[in-house]
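Below: structure_9.cif (mmCIF, C-alpha atoms and all ligand atoms)
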```cif
data_input
#
loop_
_atom_site.group_PDB
_atom_site.id
_atom_site.type_symbol
_atom_site.label_atom_id
_atom_site.label_comp_id
_atom_site.auth_asym_id
_atom_site.auth_seq_id
_atom_site.Cartn_x
_atom_site.Cartn_y
_atom_site.Cartn_z
ATOM 1 C CA MET A 1 16.372 30.852 9.365
ATOM 2 C CA SER A 2 14.432 34.041 10.148
ATOM 3 C CA ALA A 3 11.776 34.161 12.855
ATOM 4 C CA ALA A 4 9.106 34.533 10.172
ATOM 5 C CA GLN A 5 10.304 31.395 8.397
ATOM 6 C CA ALA A 6 10.515 29.494 11.660
ATOM 7 C CA MET A 7 6.848 30.270 12.252
ATOM 8 C CA THR A 8 5.782 29.004 8.830
ATOM 9 C CA GLY A 9 4.249 25.591 9.198
ATOM 10 C CA TRP A 10 4.079 22.967 6.518
ATOM 11 C CA ILE A 11 2.838 19.455 6.086
ATOM 12 C CA ALA A 12 4.488 16.696 4.064
ATOM 13 C CA ILE A 13 2.582 13.455 3.507
ATOM 14 C CA ALA A 14 5.401 10.997 3.022
ATOM 15 C CA GLY A 15 5.824 7.370 1.989
ATOM 16 C CA LEU A 16 8.451 5.355 3.883
ATOM 17 C CA GLY A 17 8.622 2.589 1.262
ATOM 18 C CA PRO A 18 8.139 -1.131 1.920
ATOM 19 C CA GLY A 19 10.617 -1.481 4.812
ATOM 20 C CA ASP A 20 14.251 -1.329 3.711
ATOM 21 C CA GLU A 21 15.818 1.994 4.737
ATOM 22 C CA ALA A 22 17.676 2.097 1.399
ATOM 23 C CA LEU A 23 14.277 2.485 -0.268
ATOM 24 C CA VAL A 24 13.339 5.667 1.624
ATOM 25 C CA THR A 25 13.777 8.482 -0.903
ATOM 26 C CA PRO A 26 16.249 11.310 -0.173
ATOM 27 C CA GLU A 27 13.294 13.722 -0.467
ATOM 28 C CA VAL A 28 11.476 11.950 2.392
ATOM 29 C CA SER A 29 14.647 11.793 4.516
ATOM 30 C CA ALA A 30 15.127 15.551 4.052
ATOM 31 C CA ALA A 31 11.534 16.264 5.103
ATOM 32 C CA LEU A 32 11.970 14.103 8.220
ATOM 33 C CA ALA A 33 15.238 15.887 9.059
ATOM 34 C CA GLY A 34 13.425 19.239 8.960
ATOM 35 C CA ALA A 35 10.276 18.125 10.797
ATOM 36 C CA SER A 36 9.110 19.195 14.246
ATOM 37 C CA ASP A 37 6.345 16.554 14.364
ATOM 38 C CA VAL A 38 5.813 13.102 12.857
ATOM 39 C CA ILE A 39 2.300 11.685 12.784
ATOM 40 C CA GLY A 40 1.104 8.242 11.736
ATOM 41 C CA TYR A 41 0.039 4.706 12.525
ATOM 42 C CA ILE A 42 2.067 3.212 15.420
ATOM 43 C CA PRO A 43 4.315 0.785 13.436
ATOM 44 C CA TYR A 44 5.178 3.447 10.858
ATOM 45 C CA VAL A 45 6.081 6.109 13.434
ATOM 46 C CA ALA A 46 8.203 3.423 15.134
ATOM 47 C CA ARG A 47 10.445 3.494 12.047
ATOM 48 C CA ILE A 48 11.428 7.137 12.753
ATOM 49 C CA ALA A 49 14.566 7.646 14.865
ATOM 50 C CA PRO A 50 13.769 9.900 17.859
ATOM 51 C CA ARG A 51 15.826 13.075 18.132
ATOM 52 C CA GLU A 52 15.926 16.292 20.129
ATOM 53 C CA GLY A 53 13.185 18.686 18.996
ATOM 54 C CA LEU A 54 11.112 16.053 17.210
ATOM 55 C CA VAL A 55 7.705 15.140 18.625
ATOM 56 C CA LEU A 56 6.388 11.713 17.610
ATOM 57 C CA HIS A 57 2.595 11.208 17.497
ATOM 58 C CA PRO A 58 1.837 7.508 16.999
ATOM 59 C CA SER A 59 -1.873 6.638 16.742
ATOM 60 C CA ASP A 60 -3.870 3.469 16.272
ATOM 61 C CA ASN A 61 -5.462 2.073 13.138
ATOM 62 C CA GLY A 62 -8.908 3.364 12.178
ATOM 63 C CA VAL A 63 -8.459 6.992 13.260
ATOM 64 C CA GLU A 64 -7.140 8.261 9.924
ATOM 65 C CA LEU A 65 -9.400 11.322 9.679
ATOM 66 C CA GLU A 66 -8.713 12.459 13.257
ATOM 67 C CA ARG A 67 -4.997 11.933 12.644
ATOM 68 C CA ALA A 68 -5.217 13.956 9.415
ATOM 69 C CA ALA A 69 -7.074 16.814 11.135
ATOM 70 C CA HIS A 70 -4.495 16.781 13.937
ATOM 71 C CA ALA A 71 -1.682 17.097 11.372
ATOM 72 C CA LEU A 72 -3.410 20.010 9.621
ATOM 73 C CA GLU A 73 -4.077 21.709 12.946
ATOM 74 C CA LEU A 74 -0.418 21.427 13.992
ATOM 75 C CA ALA A 75 0.784 22.811 10.638
ATOM 76 C CA SER A 76 -1.655 25.726 10.925
ATOM 77 C CA ARG A 77 -0.022 26.549 14.281
ATOM 78 C CA GLY A 78 3.394 26.803 12.578
ATOM 79 C CA ARG A 79 4.652 23.234 13.157
ATOM 80 C CA ARG A 80 6.600 21.353 10.460
ATOM 81 C CA VAL A 81 4.647 18.131 10.158
ATOM 82 C CA VAL A 82 5.412 14.892 8.361
ATOM 83 C CA VAL A 83 2.530 12.433 8.099
ATOM 84 C CA VAL A 84 4.033 9.002 7.469
ATOM 85 C CA SER A 85 2.581 6.033 5.595
ATOM 86 C CA SER A 86 4.275 2.810 4.566
ATOM 87 C CA GLY A 87 4.918 2.369 0.865
ATOM 88 C CA ASP A 88 3.392 5.280 -1.022
ATOM 89 C CA PRO A 89 1.115 7.720 0.855
ATOM 90 C CA GLY A 90 -1.283 7.892 -2.086
ATOM 91 C CA VAL A 91 -1.918 4.125 -2.207
ATOM 92 C CA PHE A 92 -4.558 3.064 0.367
ATOM 93 C CA ALA A 93 -2.923 5.441 2.835
ATOM 94 C CA MET A 94 -2.870 8.865 4.465
ATOM 95 C CA ALA A 95 -2.779 11.308 1.517
ATOM 96 C CA SER A 96 -6.490 10.911 0.730
ATOM 97 C CA ALA A 97 -7.360 11.137 4.440
ATOM 98 C CA VAL A 98 -5.495 14.444 4.767
ATOM 99 C CA PHE A 99 -7.257 15.913 1.732
ATOM 100 C CA GLU A 100 -10.616 14.668 2.976
ATOM 101 C CA ALA A 101 -10.000 16.402 6.317
ATOM 102 C CA LEU A 102 -8.765 19.513 4.519
ATOM 103 C CA GLU A 103 -11.890 19.696 2.357
ATOM 104 C CA ALA A 104 -14.169 19.365 5.405
ATOM 105 C CA GLY A 105 -12.100 21.650 7.655
ATOM 106 C CA PRO A 106 -11.626 25.397 8.186
ATOM 107 C CA ALA A 107 -11.032 27.453 5.014
ATOM 108 C CA ALA A 108 -7.625 28.588 6.358
ATOM 109 C CA TRP A 109 -6.266 25.036 5.993
ATOM 110 C CA ARG A 110 -6.403 25.477 2.208
ATOM 111 C CA ASP A 111 -3.607 28.068 2.426
ATOM 112 C CA LEU A 112 -1.223 25.625 4.110
ATOM 113 C CA ASP A 113 1.958 24.457 2.397
ATOM 114 C CA ILE A 114 1.105 20.796 1.689
ATOM 115 C CA ARG A 115 3.167 18.342 -0.309
ATOM 116 C CA VAL A 116 2.831 14.629 -1.044
ATOM 117 C CA LEU A 117 6.192 12.826 -1.153
ATOM 118 C CA PRO A 118 5.944 9.523 -3.022
ATOM 119 C CA GLY A 119 7.368 6.229 -1.840
ATOM 120 C CA ILE A 120 7.785 2.736 -3.277
ATOM 121 C CA THR A 121 4.483 0.974 -2.873
ATOM 122 C CA ALA A 122 4.259 -2.676 -1.781
ATOM 123 C CA MET A 123 3.123 -4.056 -5.152
ATOM 124 C CA LEU A 124 6.084 -2.501 -6.979
ATOM 125 C CA ALA A 125 8.587 -3.704 -4.369
ATOM 126 C CA ALA A 126 7.035 -7.203 -4.529
ATOM 127 C CA SER A 127 6.967 -7.176 -8.313
ATOM 128 C CA ALA A 128 10.647 -6.216 -8.442
ATOM 129 C CA ARG A 129 11.616 -9.016 -6.031
ATOM 130 C CA ALA A 130 9.792 -11.651 -8.105
ATOM 131 C CA GLY A 131 10.628 -10.406 -11.610
ATOM 132 C CA ALA A 132 8.083 -8.338 -13.529
ATOM 133 C CA PRO A 133 4.560 -9.700 -12.980
ATOM 134 C CA LEU A 134 3.112 -6.188 -13.445
ATOM 135 C CA GLY A 135 4.937 -5.677 -16.738
ATOM 136 C CA HIS A 136 1.698 -5.409 -18.707
ATOM 137 C CA ASP A 137 -1.667 -3.853 -17.728
ATOM 138 C CA PHE A 138 -2.638 -4.317 -14.100
ATOM 139 C CA CYS A 139 -4.863 -2.996 -11.341
ATOM 140 C CA ALA A 140 -4.637 -2.668 -7.561
ATOM 141 C CA ILE A 141 -7.504 -3.600 -5.238
ATOM 142 C CA ASN A 142 -7.716 -3.053 -1.498
ATOM 143 C CA LEU A 143 -9.385 -6.164 -0.066
ATOM 144 C CA SER A 144 -10.200 -4.512 3.237
ATOM 145 C CA ASP A 145 -13.949 -4.121 3.489
ATOM 146 C CA ASN A 146 -13.772 -1.558 6.297
ATOM 147 C CA LEU A 147 -14.384 1.253 3.823
ATOM 148 C CA LYS A 148 -16.445 -0.484 1.128
ATOM 149 C CA PRO A 149 -18.833 -3.437 0.875
ATOM 150 C CA TRP A 150 -17.605 -6.903 -0.052
ATOM 151 C CA SER A 151 -19.999 -6.891 -3.044
ATOM 152 C CA LEU A 152 -17.993 -4.046 -4.628
ATOM 153 C CA ILE A 153 -14.686 -5.825 -4.017
ATOM 154 C CA GLU A 154 -16.061 -8.971 -5.640
ATOM 155 C CA LYS A 155 -17.451 -7.042 -8.627
ATOM 156 C CA ARG A 156 -14.114 -5.288 -9.272
ATOM 157 C CA MET A 157 -12.221 -8.557 -8.958
ATOM 158 C CA ARG A 158 -14.507 -10.365 -11.407
ATOM 159 C CA LEU A 159 -14.382 -7.557 -13.984
ATOM 160 C CA ALA A 160 -10.593 -7.249 -13.664
ATOM 161 C CA ALA A 161 -10.264 -10.992 -14.211
ATOM 162 C CA GLU A 162 -12.581 -10.790 -17.220
ATOM 163 C CA ALA A 163 -10.460 -7.953 -18.677
ATOM 164 C CA ASP A 164 -7.381 -10.122 -18.021
ATOM 165 C CA PHE A 165 -5.554 -7.583 -15.864
ATOM 166 C CA ALA A 166 -2.843 -8.746 -13.516
ATOM 167 C CA MET A 167 -4.077 -7.792 -10.022
ATOM 168 C CA ALA A 168 -2.344 -6.629 -6.879
ATOM 169 C CA PHE A 169 -4.312 -7.192 -3.674
ATOM 170 C CA TYR A 170 -3.548 -5.064 -0.615
ATOM 171 C CA ASN A 171 -4.848 -5.837 2.906
ATOM 172 C CA PRO A 172 -5.763 -9.448 2.102
ATOM 173 C CA ARG A 173 -6.940 -9.978 5.703
ATOM 174 C CA SER A 174 -9.639 -7.836 7.246
ATOM 175 C CA LYS A 175 -11.352 -7.792 10.654
ATOM 176 C CA ALA A 176 -14.747 -7.477 9.035
ATOM 177 C CA ARG A 177 -14.158 -10.520 6.834
ATOM 178 C CA PRO A 178 -13.394 -13.411 9.201
ATOM 179 C CA GLU A 179 -13.420 -16.012 6.423
ATOM 180 C CA GLY A 180 -10.260 -14.252 5.303
ATOM 181 C CA PHE A 181 -8.819 -14.751 1.910
ATOM 182 C CA ALA A 182 -10.757 -17.969 1.168
ATOM 183 C CA ARG A 183 -13.676 -16.173 -0.489
ATOM 184 C CA VAL A 184 -11.252 -14.247 -2.722
ATOM 185 C CA LEU A 185 -9.732 -17.518 -3.897
ATOM 186 C CA GLU A 186 -13.214 -18.921 -4.612
ATOM 187 C CA VAL A 187 -14.001 -15.983 -6.881
ATOM 188 C CA LEU A 188 -10.655 -16.321 -8.648
ATOM 189 C CA ARG A 189 -11.241 -20.054 -9.158
ATOM 190 C CA GLU A 190 -14.541 -19.236 -10.866
ATOM 191 C CA ALA A 191 -12.974 -16.543 -13.066
ATOM 192 C CA CYS A 192 -9.494 -17.891 -13.932
ATOM 193 C CA ALA A 193 -7.867 -21.161 -15.086
ATOM 194 C CA PRO A 194 -6.354 -23.406 -12.372
ATOM 195 C CA ASP A 195 -2.800 -22.773 -13.602
ATOM 196 C CA ARG A 196 -3.062 -18.979 -13.115
ATOM 197 C CA LEU A 197 0.116 -17.901 -11.266
ATOM 198 C CA ILE A 198 -0.129 -16.162 -7.887
ATOM 199 C CA LEU A 199 2.639 -14.462 -5.917
ATOM 200 C CA PHE A 200 2.303 -14.149 -2.134
ATOM 201 C CA ALA A 201 4.884 -11.539 -1.166
ATOM 202 C CA ARG A 202 5.221 -11.114 2.599
ATOM 203 C CA ALA A 203 7.159 -8.360 4.409
ATOM 204 C CA VAL A 204 8.987 -7.481 1.221
ATOM 205 C CA THR A 205 12.480 -5.917 1.658
ATOM 206 C CA THR A 206 12.505 -6.683 5.408
ATOM 207 C CA PRO A 207 14.462 -9.491 7.159
ATOM 208 C CA GLU A 208 11.154 -11.457 7.343
ATOM 209 C CA GLU A 209 10.597 -11.343 3.595
ATOM 210 C CA GLN A 210 8.962 -14.434 2.119
ATOM 211 C CA LEU A 211 8.003 -14.958 -1.527
ATOM 212 C CA THR A 212 5.766 -17.851 -2.561
ATOM 213 C CA ILE A 213 4.645 -18.478 -6.147
ATOM 214 C CA VAL A 214 1.937 -21.080 -6.757
ATOM 215 C CA PRO A 215 -0.671 -21.871 -9.394
ATOM 216 C CA LEU A 216 -4.218 -20.924 -8.350
ATOM 217 C CA ASN A 217 -5.175 -24.573 -7.684
ATOM 218 C CA GLU A 218 -2.423 -24.833 -5.053
ATOM 219 C CA ALA A 219 -3.126 -21.472 -3.364
ATOM 220 C CA SER A 220 -4.634 -21.481 0.122
ATOM 221 C CA ALA A 221 -5.996 -18.746 2.339
ATOM 222 C CA GLU A 222 -3.265 -19.139 4.985
ATOM 223 C CA MET A 223 -0.666 -18.010 2.429
ATOM 224 C CA ALA A 224 -1.847 -14.408 2.937
ATOM 225 C CA ASP A 225 -1.752 -12.279 6.062
ATOM 226 C CA MET A 226 -1.773 -8.547 6.823
ATOM 227 C CA ARG A 227 1.889 -8.197 5.874
ATOM 228 C CA THR A 228 1.330 -9.813 2.472
ATOM 229 C CA VAL A 229 0.611 -8.238 -0.876
ATOM 230 C CA VAL A 230 -0.819 -10.765 -3.330
ATOM 231 C CA ILE A 231 -0.159 -10.483 -7.046
ATOM 232 C CA VAL A 232 -2.370 -12.522 -9.356
ATOM 233 C CA GLY A 233 -0.857 -12.794 -12.821
ATOM 234 C CA SER A 234 -2.780 -12.296 -16.044
ATOM 235 C CA SER A 235 -3.361 -15.261 -18.356
ATOM 236 C CA THR A 236 0.005 -14.491 -20.033
ATOM 237 C CA THR A 237 2.099 -14.308 -16.830
ATOM 238 C CA ARG A 238 4.809 -16.974 -16.829
ATOM 239 C CA LEU A 239 7.517 -18.528 -14.722
ATOM 240 C CA VAL A 240 11.162 -18.954 -15.769
ATOM 241 C CA GLU A 241 12.875 -21.626 -13.677
ATOM 242 C CA ARG A 242 16.513 -20.989 -12.696
ATOM 243 C CA ALA A 243 18.938 -22.437 -10.140
ATOM 244 C CA ALA A 244 18.961 -19.063 -8.369
ATOM 245 C CA GLY A 245 15.170 -19.083 -8.037
ATOM 246 C CA PRO A 246 12.264 -18.593 -10.425
ATOM 247 C CA ILE A 247 11.446 -15.386 -12.284
ATOM 248 C CA LEU A 248 7.781 -14.424 -12.555
ATOM 249 C CA TYR A 249 7.006 -12.055 -15.399
ATOM 250 C CA THR A 250 4.273 -10.841 -17.716
ATOM 251 C CA PRO A 251 5.338 -10.280 -21.328
ATOM 252 C CA ARG A 252 5.038 -6.737 -22.628
ATOM 253 C CA SER A 253 2.875 -7.827 -25.538
ATOM 254 C CA ALA A 254 -0.637 -9.218 -25.103
ATOM 255 C CA VAL A 255 -1.112 -9.854 -28.836
ATOM 256 C CA ALA A 256 -1.256 -13.601 -28.341
ATOM 257 C CA ALA A 257 -3.794 -13.301 -25.504
ATOM 258 C CA ALA A 258 -6.086 -10.990 -27.487
ATOM 259 C CA SER A 259 -6.199 -13.093 -30.654
HETATM 260 N N1 LIG B 301 0.562 2.673 1.450
HETATM 261 C C1 LIG B 301 1.000 1.287 1.471
HETATM 262 C C2 LIG B 301 -0.173 0.329 1.582
HETATM 263 C C3 LIG B 301 -0.909 0.402 2.898
HETATM 264 S S1 LIG B 301 -2.159 -0.823 3.051
HETATM 265 C C4 LIG B 301 1.831 1.003 0.227
HETATM 266 O O1 LIG B 301 1.857 1.838 -0.689
HETATM 267 O O2 LIG B 301 2.473 -0.040 0.165
HETATM 268 C C5 LIG B 301 -1.263 -2.087 3.942
HETATM 269 C C6 LIG B 301 -1.036 -3.299 3.041
HETATM 270 O O3 LIG B 301 0.066 -3.029 2.176
HETATM 271 C C7 LIG B 301 -0.662 -4.578 3.749
HETATM 272 O O4 LIG B 301 -1.814 -5.273 4.231
HETATM 273 C C8 LIG B 301 0.014 -5.350 2.630
HETATM 274 O O5 LIG B 301 -0.960 -5.884 1.737
HETATM 275 C C9 LIG B 301 0.745 -4.236 1.894
HETATM 276 N N2 LIG B 301 2.150 -4.085 2.325
HETATM 277 C C10 LIG B 301 2.707 -2.999 2.902
HETATM 278 N N3 LIG B 301 4.031 -3.184 3.096
HETATM 279 C C11 LIG B 301 4.321 -4.419 2.615
HETATM 280 C C12 LIG B 301 5.529 -5.194 2.511
HETATM 281 N N4 LIG B 301 6.719 -4.729 2.934
HETATM 282 N N5 LIG B 301 5.442 -6.428 1.954
HETATM 283 C C13 LIG B 301 4.267 -6.893 1.503
HETATM 284 N N6 LIG B 301 3.103 -6.212 1.576
HETATM 285 C C14 LIG B 301 3.125 -4.994 2.120
#
```
Can you turn what I pasted into structure tokens?
Amino acid sequence: MSAAQAMTGWIAIAGLGPGDEALVTPEVSAALAGASDVIGYIPYVARIAPREGLVLHPSDNGVELERAAHALELASRGRRVVVVSSGDPGVFAMASAVFEALEAGPAAWRDLDIRVLPGITAMLAASARAGAPLGHDFCAINLSDNLKPWSLIEKRMRLAAEADFAMAFYNPRSKARPEGFARVLEVLREACAPDRLILFARAVTTPEEQLTIVPLNEASAEMADMRTVVIVGSSTTRLVERAAGPILYTPRSAVAAAS
């Protein structure tokens, strides 16, 4: 590498996938191997093996914009920076924060070499473990009300239920919503039939993985925590019982549901 190349900074906003190292893409591994700095939320940076010449910058939750500006600043000084998120960096994660900081920051940041490296997001990992509950139309909703009011979350949930989307809920527990997931279940009970199938997928692809599938009338708030992604089926989502464990899937055709 020439001295000029060595001085050229870049920033890669990378997704580490849901937990299993086999689900980290080769593209992300290559970026990490070439990085001088890794920046991210403490538990995600903890997944990166320390090595000579690599500076790790773990930071706490809630400082996403400062973290993003720090990453851009380092890259502008010639560092090779990987910003890590779990799952996919574009799904309720750091990619938007970096672009928000870039838009508000010095004009020179716009000339930086910036790439987003996708990862396997929690809902797709969970869906694959359970079968194919997202096999027809679906939506994803972040239930954290740190960045939006509860009224907007509730509105989106009700309209999605009315449109009969399957729904994936991220961040089912939130500091600002002490009643937890109970209010979400109340809204679903108003909008959906009691036999609507729900998947609680916890710590998917890690040794602590736990999958629970229940009808809406048997779901309780304690089934969800911060390591859980919740998938609510559409009205056509079904369960196939097998000795090896049930398969949850949504048929590809919604003809029957529409008629
Ligand atoms: N960028 C991440 C999401 C970050 S928000 C992604 O694409 O997956 C954090 C939320 O993601 C958690 O509260 C949980 O709802 C979900 N999540 C992340 N990893 C998970 C896993 N291994 N199993 C289940 N849910 C997970």
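Of the residues under consideration (A:Ile39, A:Ile247, A:Val229, A:Val63), A:Val229 shows the shortest atom-to-atom contact distance to ligand LIG 301 (chain B) when counting all atoms listed in the file.
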Output the residue selection produced by the PyMOL selection byres (((chain A and resi 180-187) around 12) and not hetatm) on the file above, formatted as an mmCIF file with C-alpha atoms, keeping the file's coordinate frame.
```cif
data_model
loop_
_atom_site.group_PDB
_atom_site.id
_atom_site.type_symbol
_atom_site.label_atom_id
_atom_site.label_comp_id
_atom_site.auth_asym_id
_atom_site.auth_seq_id
_atom_site.Cartn_x
_atom_site.Cartn_y
_atom_site.Cartn_z
ATOM 1 C CA ILE A 141 -7.504 -3.600 -5.238
ATOM 2 C CA ASN A 142 -7.716 -3.053 -1.498
ATOM 3 C CA LEU A 143 -9.385 -6.164 -0.066
ATOM 4 C CA SER A 144 -10.200 -4.512 3.237
ATOM 5 C CA ASP A 145 -13.949 -4.121 3.489
ATOM 6 C CA TRP A 150 -17.605 -6.903 -0.052
ATOM 7 C CA SER A 151 -19.999 -6.891 -3.044
ATOM 8 C CA ILE A 153 -14.686 -5.825 -4.017
ATOM 9 C CA GLU A 154 -16.061 -8.971 -5.640
ATOM 10 C CA LYS A 155 -17.451 -7.042 -8.627
ATOM 11 C CA ARG A 156 -14.114 -5.288 -9.272
ATOM 12 C CA MET A 157 -12.221 -8.557 -8.958
ATOM 13 C CA ARG A 158 -14.507 -10.365 -11.407
ATOM 14 C CA LEU A 159 -14.382 -7.557 -13.984
ATOM 15 C CA ALA A 160 -10.593 -7.249 -13.664
ATOM 16 C CA ALA A 161 -10.264 -10.992 -14.211
ATOM 17 C CA GLU A 162 -12.581 -10.790 -17.220
ATOM 18 C CA PHE A 169 -4.312 -7.192 -3.674
ATOM 19 C CA TYR A 170 -3.548 -5.064 -0.615
ATOM 20 C CA ASN A 171 -4.848 -5.837 2.906
ATOM 21 C CA PRO A 172 -5.763 -9.448 2.102
ATOM 22 C CA ARG A 173 -6.940 -9.978 5.703
ATOM 23 C CA SER A 174 -9.639 -7.836 7.246
ATOM 24 C CA LYS A 175 -11.352 -7.792 10.654
ATOM 25 C CA ALA A 176 -14.747 -7.477 9.035
ATOM 26 C CA ARG A 177 -14.158 -10.520 6.834
ATOM 27 C CA PRO A 178 -13.394 -13.411 9.201
ATOM 28 C CA GLU A 179 -13.420 -16.012 6.423
ATOM 29 C CA LEU A 188 -10.655 -16.321 -8.648
ATOM 30 C CA ARG A 189 -11.241 -20.054 -9.158
ATOM 31 C CA GLU A 190 -14.541 -19.236 -10.866
ATOM 32 C CA ALA A 191 -12.974 -16.543 -13.066
ATOM 33 C CA CYS A 192 -9.494 -17.891 -13.932
ATOM 34 C CA ALA A 193 -7.867 -21.161 -15.086
ATOM 35 C CA PRO A 194 -6.354 -23.406 -12.372
ATOM 36 C CA ARG A 196 -3.062 -18.979 -13.115
ATOM 37 C CA ILE A 198 -0.129 -16.162 -7.887
ATOM 38 C CA PHE A 200 2.303 -14.149 -2.134
ATOM 39 C CA PRO A 215 -0.671 -21.871 -9.394
ATOM 40 C CA LEU A 216 -4.218 -20.924 -8.350
ATOM 41 C CA ASN A 217 -5.175 -24.573 -7.684
ATOM 42 C CA GLU A 218 -2.423 -24.833 -5.053
ATOM 43 C CA ALA A 219 -3.126 -21.472 -3.364
ATOM 44 C CA SER A 220 -4.634 -21.481 0.122
ATOM 45 C CA ALA A 221 -5.996 -18.746 2.339
ATOM 46 C CA GLU A 222 -3.265 -19.139 4.985
ATOM 47 C CA MET A 223 -0.666 -18.010 2.429
ATOM 48 C CA ALA A 224 -1.847 -14.408 2.937
ATOM 49 C CA ASP A 225 -1.752 -12.279 6.062
ATOM 50 C CA MET A 226 -1.773 -8.547 6.823
ATOM 51 C CA THR A 228 1.330 -9.813 2.472
ATOM 52 C CA VAL A 229 0.611 -8.238 -0.876
ATOM 53 C CA VAL A 230 -0.819 -10.765 -3.330
ATOM 54 C CA VAL A 232 -2.370 -12.522 -9.356
#
```
Box for ligand LIG 301 (chain B) - axis-aligned, 8 Å on each of the six sides, all listed atoms - centre and size in Å to one decimal, as AutoDock Vina command-line options.
```
--center_x 2.3 --center_y -2.1 --center_z 1.8 --size_x 24.9 --size_y 25.6 --size_z 20.9
```
- Message: Can you spell out as a PyMOL selection string the set of residues that the PyMOL selection byres (((chain A and resi 165-167) around 7) and not hetatm) selects in the structure I just provided?
- Response: chain A and resi 134+137-140+160-161+163-164+168-169+231-234
Would you save the residues from that selection as a compact mmCIF listing (two decimals), keeping the file's coordinate frame, using C-alpha atoms?
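Resulting contents of result30.txt:
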```txt
# COMPACT_ATOMS: atom_id res chain seq x y z
CA LEU A 134 3.11 -6.19 -13.44
CA ASP A 137 -1.67 -3.85 -17.73
CA PHE A 138 -2.64 -4.32 -14.10
CA CYS A 139 -4.86 -3.00 -11.34
CA ALA A 140 -4.64 -2.67 -7.56
CA ALA A 160 -10.59 -7.25 -13.66
CA ALA A 161 -10.26 -10.99 -14.21
CA ALA A 163 -10.46 -7.95 -18.68
CA ASP A 164 -7.38 -10.12 -18.02
CA ALA A 168 -2.34 -6.63 -6.88
CA PHE A 169 -4.31 -7.19 -3.67
CA ILE A 231 -0.16 -10.48 -7.05
CA VAL A 232 -2.37 -12.52 -9.36
CA GLY A 233 -0.86 -12.79 -12.82
CA SER A 234 -2.78 -12.30 -16.04
```
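Take the candidates A:Ala104, A:Val116, A:Ala132, A:Ala93 and check each one against ligand LIG 301 (chain B) using only C-alpha atoms and all ligand atoms; the shortest distance goes to A:Ala93.
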- Task: Expand the PyMOL selection byres (((not hetatm)) within 8 of (chain B and resi 301)) into the individual residues it matches in the shown file, reporting them as a ChimeraX atom specification.
- Result: /A:15,17-19,85-94,119-123,125-126,142,169-173,201-206,209,225-230
If you keep C-alpha atoms, can you produce a file of those selected residues as a PDB file, in the coordinates of the input?
```pdb
ATOM      1  CA  GLY A  15       5.824   7.370   1.989  1.00  0.00           C
ATOM      2  CA  GLY A  17       8.622   2.589   1.262  1.00  0.00           C
ATOM      3  CA  PRO A  18       8.139  -1.131   1.920  1.00  0.00           C
ATOM      4  CA  GLY A  19      10.617  -1.481   4.812  1.00  0.00           C
ATOM      5  CA  SER A  85       2.581   6.033   5.595  1.00  0.00           C
ATOM      6  CA  SER A  86       4.275   2.810   4.566  1.00  0.00           C
ATOM      7  CA  GLY A  87       4.918   2.369   0.865  1.00  0.00           C
ATOM      8  CA  ASP A  88       3.392   5.280  -1.022  1.00  0.00           C
ATOM      9  CA  PRO A  89       1.115   7.720   0.855  1.00  0.00           C
ATOM     10  CA  GLY A  90      -1.283   7.892  -2.086  1.00  0.00           C
ATOM     11  CA  VAL A  91      -1.918   4.125  -2.207  1.00  0.00           C
ATOM     12  CA  PHE A  92      -4.558   3.064   0.367  1.00  0.00           C
ATOM     13  CA  ALA A  93      -2.923   5.441   2.835  1.00  0.00           C
ATOM     14  CA  MET A  94      -2.870   8.865   4.465  1.00  0.00           C
ATOM     15  CA  GLY A 119       7.368   6.229  -1.840  1.00  0.00           C
ATOM     16  CA  ILE A 120       7.785   2.736  -3.277  1.00  0.00           C
ATOM     17  CA  THR A 121       4.483   0.974  -2.873  1.00  0.00           C
ATOM     18  CA  ALA A 122       4.259  -2.676  -1.781  1.00  0.00           C
ATOM     19  CA  MET A 123       3.123  -4.056  -5.152  1.00  0.00           C
ATOM     20  CA  ALA A 125       8.587  -3.704  -4.369  1.00  0.00           C
ATOM     21  CA  ALA A 126       7.035  -7.203  -4.529  1.00  0.00           C
ATOM     22  CA  ASN A 142      -7.716  -3.053  -1.498  1.00  0.00           C
ATOM     23  CA  PHE A 169      -4.312  -7.192  -3.674  1.00  0.00           C
ATOM     24  CA  TYR A 170      -3.548  -5.064  -0.615  1.00  0.00           C
ATOM     25  CA  ASN A 171      -4.848  -5.837   2.906  1.00  0.00           C
ATOM     26  CA  PRO A 172      -5.763  -9.448   2.102  1.00  0.00           C
ATOM     27  CA  ARG A 173      -6.940  -9.978   5.703  1.00  0.00           C
ATOM     28  CA  ALA A 201       4.884 -11.539  -1.166  1.00  0.00           C
ATOM     29  CA  ARG A 202       5.221 -11.114   2.599  1.00  0.00           C
ATOM     30  CA  ALA A 203       7.159  -8.360   4.409  1.00  0.00           C
ATOM     31  CA  VAL A 204       8.987  -7.481   1.221  1.00  0.00           C
ATOM     32  CA  THR A 205      12.480  -5.917   1.658  1.00  0.00           C
ATOM     33  CA  THR A 206      12.505  -6.683   5.408  1.00  0.00           C
ATOM     34  CA  GLU A 209      10.597 -11.343   3.595  1.00  0.00           C
ATOM     35  CA  ASP A 225      -1.752 -12.279   6.062  1.00  0.00           C
ATOM     36  CA  MET A 226      -1.773  -8.547   6.823  1.00  0.00           C
ATOM     37  CA  ARG A 227       1.889  -8.197   5.874  1.00  0.00           C
ATOM     38  CA  THR A 228       1.330  -9.813   2.472  1.00  0.00           C
ATOM     39  CA  VAL A 229       0.611  -8.238  -0.876  1.00  0.00           C
ATOM     40  CA  VAL A 230      -0.819 -10.765  -3.330  1.00  0.00           C
TER      41      VAL A 230
END
```
